[in-house]
Amino acid sequence: MIIRTITIVFSALFILASCSEENSLEKKELKEYFSAYLKDNEDVVAFGYSKIKDILNKAQYEKVAMLQAIIGGQLATFEGVINLDQPVYYAANAPLNRDGAPEEIVLFIEVVDDTKLKNHLVSEMGYDVSEGDGFSYASDGDMTLGIRDNLLIVLVKPGNFDEETELSKAFKSVDGKSSTGDIQKLLDSSEGDVILSINLGNAALNSENGMKDLNPKKQQEIKKLFKNSYINTTIKFENGQAVIETQNQFSKKLMSKMFFSNDQSAEVVNHLGGGTPIAGFSMNIDVKKMEAFMNYIHPDAMTKIGGMKYVGMKFIAGANDLDEIIDGKAGIVFFAPKAGEFKKSNLVNAFIGLESKGTKLIESATSSFGTMLPTDLPDFSVKNNGLSILGNSSQIGMKLNLPSVASDFGKSGINFFIDLEGLDPADLVVMFNTKDFGPILKVAKSLSFSYSNEGGKLIVTAKKGKENILKQALEAAVSDISELMGGVSF
């Protein structure tokens with residue numbers, strides 16, 4: 001939602017006017033304004049910045065005639081009013097709706113010339129510009145713009161509210177003291193094209209999802225657990241890759257409750273048969289800690305996630321806790337279909353680690369309901385402390401031959417990979433019953449993901465390693481549009 005909203009706002013801002021002049025009031029740098037806005041602001045559930053100009057340049061939009069015509073001229077005008085050499089800062093504010101999404105987005109943009117900006121809003125765009133207490137403002141639907149000297153604040157907020165009052169609060173907040181510590185370190189970072197930080201403490205403070213039926217004392221306990229904890233995400237668009245990296249900056253108490261495990265031996269790989277997979281998912285978790293954490297957050301959390309399957313599984317197994325059934329190691333790999341192969345069950349090998357009551361559960365279920373199982377179910381067995389499903393039975397007894405993109409498969413709390421090189425789009429449709437991989441196949445060679453208690457990393461590697469992945473994605477998108485329009489060249 002955040003990225004989509006920012007895109008809509010900047011599509012409108014591209015048509016603003018140009019030039020610059022000095023004004024008599026003392027100015028702060030944009031980052032200082034934003035830093036002050038964040039300080040002790042409990043409404044902010046997420047914040048960050050986006051380097052709009054860098055992203056556009058990396059995409060090389062000017063080489064696409066259609067986009068150059070639409071964006072090129074407007075961008076030259078836009079740069080005269082808005083300083084695109086500065087990042088655009090944004091904050092997502094509470095309250096959160098039922099889906100957990102923020103209902104207010106606030107953008108902070110450096111203005112080069114406030115007078116000509118206001119004149120253009122009136123003469124060219126037909127806006128009514130009103131005067132507030134030291135600032136000017138105008139509205140268009142859910143978007144309200146506040147202009148004061150070198151600062152433009154854009155509120156994206158649905159519903160009826162007093163624009164002047166809301167903007168007045170925002171402008172007053174930017175005149176306070178700057179944030180310090182971890183927040184300022186994040187704002188000072190220049191590592192990514194897009195930075196996003198989620199403030200877990202503020203999110204918990206402002207969220208009623210799942211907490212409204214807890215007693216007030218428990219709610220405060222949960223909010224205290226997440227206080228001063230952040231998930232920081234950096235997005236980089238590089239030559240040949242897109243890298244999305246998260247760092248979990250958690251309090252000591254919250255980190256102590258995290259339940260992902262690392263296994264440098266990648267034991268789960270030894271249980272997945274042989275062959276060369278094109279995709280895979282693996283998991284290493286401390287089941288006892290995971291269940292305890294979920295129950296700490298909410299007594300019905302596991303039931304809400306697993307439903308009656310979770311309750312029924314424990315009941316039939318005679319287990320009080322989930323770690324009496326499974327050991328937290330699991331993996332699944334997918335193989336490309338051979339010519340004329342359409343039986344999905346033959347394309348999958350999987351393993352789920354079991355504890356003693358889990359083994360008895362499977363054996364009991366097989367004995368009692370064996371005749372009711374589907375006839376096309378792949379071969380499975382319970383041995384080596386786990387349930388093995390070997391649909392790719394020709395590779396039984398052989399060692400898994402992982403592609404280079406999966407070098408760390410099975411070692412982190414969560415690992416995921418897809419090796420797309422040389423893969424026919426039709427194969428993916430057979431394997432996953434989806435056509436959504438079509439656009440990805442035009443650009444990506446592989447995807448890899450890893451996650452641990454400290455954070456995670458998603459790497460999308462493009463087919464053309466020497467070109468920026470945004471440029472490749474833009475070319476693929478234009479190609480798709482051209483095909484839809486009967487081969488019209490852009």
# chains A, B, ... in the order shown; residues from 1 in each chain; ligands from 1
>>> residues_around(residues="Ile414 in chain A", least_positions_apart="4", cutoff="9 Å", atoms="only C-alpha atoms", output="MDAnalysis selection string")
chainID A and resid 260:262 281:285 409:410 449:452 456
>>> residues_around(residues="Ser197 in chain A", least_positions_apart="3", cutoff="7 Å", atoms="only C-alpha atoms", output="count of residues only")
7
>>> closest_residue(among="A:Gly80, A:Gly146, A:Gly126, A:Pro87", to="Glu29 in chain A", atoms="only C-alpha atoms")
A:Pro87
>>> select_by_dssp(residues="range 233-309 of chain A", states="strand (DSSP E)", output="list of chain:residue names")
A:Thr233, A:Thr234, A:Ile235, A:Lys236, A:Phe237, A:Glu238, A:Gln241, A:Ala242, A:Val243, A:Ile244, A:Glu245, A:Thr246, A:Gln247, A:Asn248, A:Gln249, A:Ala279, A:Gly280, A:Phe281, A:Ser282, A:Met283, A:Asn284
>>> select_by_dssp(residues="range 156-382 of chain A", states="helix (DSSP H, G or I)", output="VMD selection string")
chain A and resid 163 to 174 181 to 188 200 to 206 216 to 226 252 to 256 267 to 271 287 to 297 301 to 317 322 to 324 344 to 347 356 to 372
>>> closest_residue(among="A:Lys31, A:Lys257, A:Lys329, A:Lys357", to="Asn453 in chain A", atoms="only C-alpha atoms")
A:Lys257
>>> residues_around(residues="Asp175 in chain A", least_positions_apart="2", cutoff="7 Å", atoms="only C-alpha atoms", output="list in words")
Tyr33, Ala36, Phe171, Lys172, Ser173 and Lys177 of chain A
>>> closest_residue(among="A:Ala92, A:Asn119, A:Leu186, A:Lys53", to="Lys157 in chain A", atoms="only C-alpha atoms")
A:Ala92
>>> atom_distance(atom1="CA of Ile109 in chain A", atom2="CA of Ala94 in chain A")
20.9 Å
>>> residues_around(residues="Ser265 in chain A", least_positions_apart="3", cutoff="10 Å", atoms="only C-alpha atoms", output="PyMOL selection string")
chain A and resi 262+268-270+408+410-411
>>> decode(residues="range 23-51 of chain A", atoms="N, CA and C atoms", output="compact mmCIF listing (two decimals), in the first residue's frame")
# COMPACT_ATOMS: atom_id res chain seq x y z
N ASN A 23 14.24 32.66 0.33
CA ASN A 23 13.28 33.30 1.22
C ASN A 23 13.98 33.64 2.52
N SER A 24 13.33 34.46 3.30
CA SER A 24 14.00 35.09 4.43
C SER A 24 14.02 34.21 5.68
N LEU A 25 13.21 33.15 5.74
CA LEU A 25 13.15 32.33 6.94
C LEU A 25 14.27 31.29 6.93
N GLU A 26 14.72 30.97 8.14
CA GLU A 26 15.76 29.96 8.27
C GLU A 26 15.22 28.61 7.85
N LYS A 27 16.02 27.87 7.07
CA LYS A 27 15.57 26.57 6.57
C LYS A 27 16.39 25.44 7.19
N LYS A 28 15.73 24.31 7.39
CA LYS A 28 16.42 23.09 7.77
C LYS A 28 16.60 22.23 6.53
N GLU A 29 17.49 21.28 6.63
CA GLU A 29 17.55 20.27 5.58
C GLU A 29 16.34 19.36 5.71
N LEU A 30 15.95 18.77 4.59
CA LEU A 30 14.75 17.94 4.57
C LEU A 30 14.85 16.80 5.58
N LYS A 31 16.02 16.18 5.65
CA LYS A 31 16.21 15.06 6.57
C LYS A 31 16.02 15.49 8.02
N GLU A 32 16.41 16.73 8.33
CA GLU A 32 16.25 17.24 9.69
C GLU A 32 14.78 17.45 10.02
N TYR A 33 14.03 17.98 9.06
CA TYR A 33 12.58 18.12 9.27
C TYR A 33 11.96 16.76 9.58
N PHE A 34 12.29 15.78 8.74
CA PHE A 34 11.68 14.46 8.88
C PHE A 34 12.10 13.80 10.19
N SER A 35 13.36 13.95 10.54
CA SER A 35 13.87 13.37 11.78
C SER A 35 13.12 13.94 12.98
N ALA A 36 12.84 15.25 12.95
CA ALA A 36 12.09 15.87 14.04
C ALA A 36 10.66 15.36 14.07
N TYR A 37 10.07 15.13 12.91
CA TYR A 37 8.71 14.61 12.84
C TYR A 37 8.61 13.24 13.51
N LEU A 38 9.64 12.42 13.33
CA LEU A 38 9.62 11.06 13.88
C LEU A 38 9.84 11.01 15.38
N LYS A 39 10.52 12.00 15.92
CA LYS A 39 10.92 11.94 17.34
C LYS A 39 9.71 11.82 18.26
N ASP A 40 9.68 10.74 19.02
CA ASP A 40 8.64 10.48 20.03
C ASP A 40 7.23 10.49 19.43
N ASN A 41 7.12 10.21 18.13
CA ASN A 41 5.81 10.21 17.47
C ASN A 41 5.25 8.80 17.48
N GLU A 42 4.32 8.53 18.38
CA GLU A 42 3.78 7.18 18.53
C GLU A 42 2.78 6.81 17.46
N ASP A 43 2.42 7.76 16.59
CA ASP A 43 1.50 7.44 15.50
C ASP A 43 2.21 6.79 14.33
N VAL A 44 3.52 6.98 14.21
CA VAL A 44 4.27 6.47 13.06
C VAL A 44 4.53 4.98 13.22
N VAL A 45 3.93 4.18 12.35
CA VAL A 45 4.14 2.73 12.41
C VAL A 45 5.20 2.27 11.41
N ALA A 46 5.47 3.10 10.39
CA ALA A 46 6.52 2.77 9.43
C ALA A 46 7.03 4.07 8.81
N PHE A 47 8.29 4.06 8.41
CA PHE A 47 8.87 5.26 7.82
C PHE A 47 10.06 4.89 6.96
N GLY A 48 10.48 5.84 6.13
CA GLY A 48 11.64 5.58 5.28
C GLY A 48 11.80 6.64 4.22
N TYR A 49 12.52 6.28 3.18
CA TYR A 49 12.70 7.22 2.07
C TYR A 49 12.88 6.47 0.76
N SER A 50 12.71 7.20 -0.33
CA SER A 50 12.87 6.64 -1.67
C SER A 50 13.65 7.62 -2.53
N LYS A 51 14.65 7.14 -3.22
CA LYS A 51 15.45 7.98 -4.12
C LYS A 51 14.83 7.95 -5.51
